[in-house]
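Data from coords_19.txt: compact mmCIF, C-alpha atoms
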# COMPACT_ATOMS: atom_id res chain seq x y z
CA MET A 1 -20.41 -65.65 17.94
CA LYS A 2 -20.34 -63.25 14.97
CA THR A 3 -22.73 -63.72 12.14
CA ALA A 4 -21.93 -62.99 8.51
CA ILE A 5 -24.04 -59.83 8.59
CA SER A 6 -22.32 -58.22 11.58
CA ALA A 7 -18.88 -58.77 10.05
CA ARG A 8 -19.80 -56.57 7.04
CA VAL A 9 -21.38 -53.68 8.95
CA PRO A 10 -18.84 -50.90 9.54
CA THR A 11 -18.33 -49.84 13.10
CA LEU A 12 -18.91 -46.33 14.32
CA ASP A 13 -15.15 -45.88 14.70
CA SER A 14 -14.57 -46.84 11.07
CA LEU A 15 -17.19 -44.37 9.85
CA ALA A 16 -15.68 -41.61 11.99
CA ASN A 17 -12.22 -42.31 10.58
CA VAL A 18 -13.52 -42.13 7.01
CA ALA A 19 -15.33 -38.84 7.78
CA VAL A 20 -12.15 -37.31 9.24
CA ILE A 21 -10.09 -38.38 6.22
CA LEU A 22 -12.67 -36.95 3.80
CA ALA A 23 -12.81 -33.67 5.72
CA ALA A 24 -8.99 -33.42 5.67
CA VAL A 25 -8.90 -34.05 1.91
CA ILE A 26 -11.56 -31.38 1.28
CA VAL A 27 -9.78 -28.82 3.46
CA ALA A 28 -6.47 -29.56 1.73
CA TRP A 29 -8.09 -29.22 -1.71
CA VAL A 30 -9.68 -25.87 -0.81
CA TRP A 31 -6.39 -24.59 0.62
CA VAL A 32 -4.43 -25.59 -2.50
CA LYS A 33 -7.03 -23.98 -4.79
CA SER A 34 -7.01 -20.72 -2.84
CA ALA A 35 -3.21 -20.67 -2.62
CA THR A 36 -2.84 -21.10 -6.38
CA ALA A 37 -5.65 -18.78 -7.46
CA THR A 38 -4.73 -15.80 -9.62
CA ARG A 39 -7.69 -13.65 -8.72
CA PRO A 40 -7.02 -10.05 -7.76
CA VAL A 41 -7.58 -8.76 -4.25
CA GLY A 42 -9.93 -5.92 -3.41
CA GLY A 43 -13.10 -4.42 -4.80
CA VAL A 44 -14.22 -3.87 -8.38
CA ASP A 45 -12.26 -5.11 -11.41
CA ALA A 46 -10.28 -2.33 -13.15
CA ARG A 47 -12.00 -3.09 -16.45
CA GLN A 48 -15.29 -2.01 -14.83
CA LEU A 49 -13.74 1.27 -13.69
CA TYR A 50 -11.53 2.17 -16.65
CA SER A 51 -11.55 1.16 -20.29
CA SER A 52 -8.97 1.10 -23.05
CA GLY A 53 -8.83 4.50 -24.70
CA GLU A 54 -9.97 6.36 -21.59
CA ILE A 55 -7.80 9.23 -20.34
CA ILE A 56 -6.61 9.04 -16.74
CA GLY A 57 -4.29 11.21 -14.73
CA THR A 58 -5.93 14.61 -14.81
CA ASP A 59 -7.94 13.87 -11.67
CA THR A 60 -5.39 11.62 -9.95
CA GLY A 61 -2.25 13.71 -9.78
CA LEU A 62 -0.41 11.20 -11.96
CA THR A 63 1.38 12.47 -15.06
CA PHE A 64 2.07 10.45 -18.18
CA ASP A 65 4.79 12.28 -20.10
CA ALA A 66 6.79 9.24 -21.28
CA PRO A 67 5.92 7.55 -24.59
CA LEU A 68 4.49 4.70 -22.53
CA THR A 69 4.03 4.12 -18.80
CA ALA A 70 3.47 0.80 -17.10
CA VAL A 71 1.45 1.44 -13.94
CA LEU A 72 1.84 -1.31 -11.35
CA PHE A 73 -1.06 -0.94 -8.92
CA VAL A 74 -0.06 -3.02 -5.91
CA HIS A 75 -0.46 -3.32 -2.15
CA SER A 76 2.04 -4.64 0.37
CA GLN A 77 -0.51 -7.04 1.88
CA CYS A 78 -1.51 -8.57 -1.46
CA GLN A 79 -0.16 -12.11 -1.97
CA PHE A 80 -0.81 -11.90 -5.71
CA CYS A 81 1.21 -8.68 -5.91
CA THR A 82 4.08 -10.44 -4.18
CA ARG A 83 3.81 -13.35 -6.59
CA SER A 84 3.89 -10.83 -9.48
CA MET A 85 7.15 -9.20 -8.37
CA PRO A 86 9.39 -11.45 -10.54
CA PHE A 87 7.41 -10.34 -13.59
CA TYR A 88 7.63 -6.67 -12.61
CA THR A 89 11.39 -7.09 -12.18
CA ARG A 90 11.52 -8.69 -15.63
CA VAL A 91 9.70 -5.67 -17.11
CA LEU A 92 12.32 -3.32 -15.66
CA THR A 93 15.21 -5.56 -16.69
CA GLU A 94 13.96 -5.90 -20.26
CA ARG A 95 13.21 -2.19 -20.48
CA ASN A 96 16.77 -1.37 -19.40
CA ARG A 97 18.28 -4.02 -21.67
CA ILE A 98 16.72 -2.63 -24.84
CA GLY A 99 17.03 1.02 -23.83
CA SER A 100 13.31 1.62 -23.93
CA ARG A 101 11.87 4.92 -22.76
CA THR A 102 8.91 3.19 -21.12
CA ARG A 103 8.41 4.54 -17.62
CA VAL A 104 7.44 2.11 -14.84
CA ILE A 105 5.67 3.42 -11.76
CA ALA A 106 4.30 1.65 -8.71
CA VAL A 107 1.07 3.04 -7.31
CA ALA A 108 -0.70 2.02 -4.11
CA LYS A 109 -3.32 3.27 -1.72
CA GLU A 110 -1.15 2.92 1.36
CA PRO A 111 1.47 5.05 3.15
CA GLN A 112 4.59 5.96 1.16
CA ARG A 113 6.99 4.34 3.66
CA SER A 114 5.04 1.09 3.61
CA LEU A 115 5.03 1.00 -0.20
CA GLU A 116 8.72 1.88 -0.47
CA GLY A 117 9.65 -0.80 2.09
CA TYR A 118 7.57 -3.39 0.27
CA LEU A 119 9.17 -2.62 -3.09
CA GLN A 120 12.67 -2.58 -1.58
CA SER A 121 12.08 -5.95 0.08
CA HIS A 122 11.54 -7.34 -3.42
CA SER A 123 14.42 -5.36 -4.97
CA LEU A 124 11.99 -3.59 -7.28
CA LYS A 125 13.16 -0.13 -8.32
CA PRO A 126 10.50 1.51 -10.47
CA ASP A 127 10.97 4.98 -11.95
CA GLY A 128 8.34 6.38 -9.63
CA ILE A 129 6.54 5.41 -6.44
CA VAL A 130 3.17 7.01 -5.82
CA ALA A 131 1.31 6.51 -2.56
CA LEU A 132 -2.27 7.67 -2.86
CA ASP A 133 -4.51 8.40 0.08
CA ALA A 134 -7.84 6.64 0.41
CA ALA A 135 -9.70 9.73 -0.82
CA SER A 136 -7.76 9.82 -4.10
CA PRO A 137 -9.95 9.95 -7.23
CA PHE A 138 -7.75 7.19 -8.72
CA ARG A 139 -10.47 4.56 -9.03
CA LEU A 140 -8.45 1.36 -9.04
CA GLN A 141 -9.19 -0.95 -6.14
CA LEU A 142 -8.09 -4.45 -7.12
CA THR A 143 -4.48 -5.45 -6.73
CA PRO A 144 -2.47 -6.30 -8.66
CA THR A 145 -3.49 -4.34 -11.72
CA LEU A 146 -1.22 -3.46 -14.63
CA LEU A 147 -2.12 -0.52 -16.83
CA ILE A 148 -0.22 0.42 -19.96
CA VAL A 149 -0.77 4.13 -20.48
CA GLU A 150 0.26 6.27 -23.46
CA ARG A 151 1.69 9.78 -23.25
CA GLY A 152 -1.06 12.10 -22.06
CA GLY A 153 -2.83 9.43 -20.01
CA ARG A 154 -4.73 7.35 -22.58
CA ILE A 155 -5.08 3.76 -21.33
CA ARG A 156 -3.87 1.26 -23.89
CA GLU A 157 -4.14 -2.03 -21.95
CA ILE A 158 -5.52 -3.27 -18.62
CA TRP A 159 -4.65 -6.51 -16.84
CA THR A 160 -6.11 -7.38 -13.44
CA GLY A 161 -4.82 -10.07 -11.10
CA GLN A 162 -1.70 -12.16 -11.16
CA LEU A 163 -0.88 -12.81 -14.80
CA THR A 164 -0.36 -16.26 -16.22
CA PRO A 165 2.97 -16.86 -17.98
CA GLU A 166 1.20 -16.41 -21.32
CA GLN A 167 -0.34 -13.10 -20.21
CA GLU A 168 3.05 -11.95 -18.92
CA THR A 169 4.58 -12.61 -22.34
CA VAL A 170 1.84 -10.65 -24.10
CA ALA A 171 2.09 -7.76 -21.63
CA LEU A 172 5.87 -7.59 -21.93
CA GLU A 173 5.68 -7.62 -25.72
CA LYS A 174 3.07 -4.85 -25.75
CA ILE A 175 5.11 -2.70 -23.37
CA MET A 176 8.41 -3.20 -25.19
CA ASP A 177 7.19 -3.29 -28.81
CA SER A 178 5.28 -0.06 -28.37
CA SER A 179 8.25 1.59 -26.72
CA ILE A 180 10.61 0.53 -29.49
CA ARG A 181 8.26 1.94 -32.15
CA ASP A 182 7.91 5.21 -30.29
CA ALA A 183 11.64 5.58 -29.63
CA THR A 184 12.68 4.78 -33.21
CA SER A 185 10.02 7.00 -34.79
CA ARG A 186 11.43 10.04 -32.96
CA GLN A 187 15.07 9.52 -34.02
Would you mind writing the file out in structure tokens?
Amino acid sequence: MKTAISARVPTLDSLANVAVILAAVIVAWVWVKSATATRPVGGVDARQLYSSGEIIGTDTGLTFDAPLTAVLFVHSQCQFCTRSMPFYTRVLTERNRIGSRTRVIAVAKEPQRSLEGYLQSHSLKPDGIVALDAASPFRLQLTPTLLIVERGGRIREIWTGQLTPEQETVALEKIMDSSIRDATSRQ
């Protein structure tokens, strides 16, 4: 015969079931958070290595002879780089649409063939593809990173990580507005 007290006490099986469900919910939550994060991949944030106004290129082998260059620092194994590809395509499309002289280059610290294959798999056709070796003095480590660089190598803007839609809009405006000003001032 059951008493009133024993009817209210959960069984060991019930407690185990609740624990399994809670563990599954926590794992699912962590997975969703990590899958939707926009943090960059790699070492030190670009803004700790370079700053706006700094000159780059002289020690890296990169040249900045266009009015403005958008440097897409990516890696083929970076999920956030892959998620950024539609934005990078939009940059190229908009640049071509308005006839901007902004140059777009993809830079990575990985073999040239790997980088070219990665970009081709996403139908991205930048103006230049630069594969740097690990010993390169180019200090960027985190991917993705977007640099907007003026003629001569002066950094104008730095964005690290996958950009939000709002950041994408700002970046696109800064790339295109600056290019339009430069192109029209030389005519």
Hey, can you check how far CA of Glu150 (chain A) sits from CA of Val104 (chain A)? 12.0 Å
Please determine, counting all atoms listed in the file, which residue among A:Ser100, A:Gln112, A:Thr143, A:Thr11 has the shortest atom-to-atom distance to Gln77 (chain A).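 For Gln77 (chain A), the nearest of the candidates is A:Thr143.
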Kindly give the distance, in Å, that separates CA of Ile98 (chain A) and CA of Leu172 (chain A), rounded to a single decimal. 12.3 Å
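Each of A:Arg101, A:Phe64, A:His75, A:Thr145 was checked against Gly117 (chain A) using all atoms listed in the file; the smallest atom-to-atom distance is that of A:His75.
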I need every residue sitting at most 12 Å from the point (5.2, -2.0, -24.9) (coordinates as in the file, only C-alpha atoms considered), written as a VMD selection string. chain A and resid 66 to 70 91 to 92 94 to 95 98 100 to 104 147 to 150 156 to 157 168 to 183
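The space between CA of Arg83 (chain A) and CA of Trp159 (chain A) spans 14.9 Å.
For the choices A:Gln167, A:Asn17, A:Gly128, A:Ser123, the atom-to-atom distance to Pro86 (chain A) is smallest for A:Ser123 when using all atoms listed in the file.
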Quick one: residues within 9 Å of Tyr88 (chain A), all atoms listed in the file, excluding same-chain residues fewer than 3 positions away - as a PyMOL selection string? chain A and resi 72+84-85+91-93+124+126
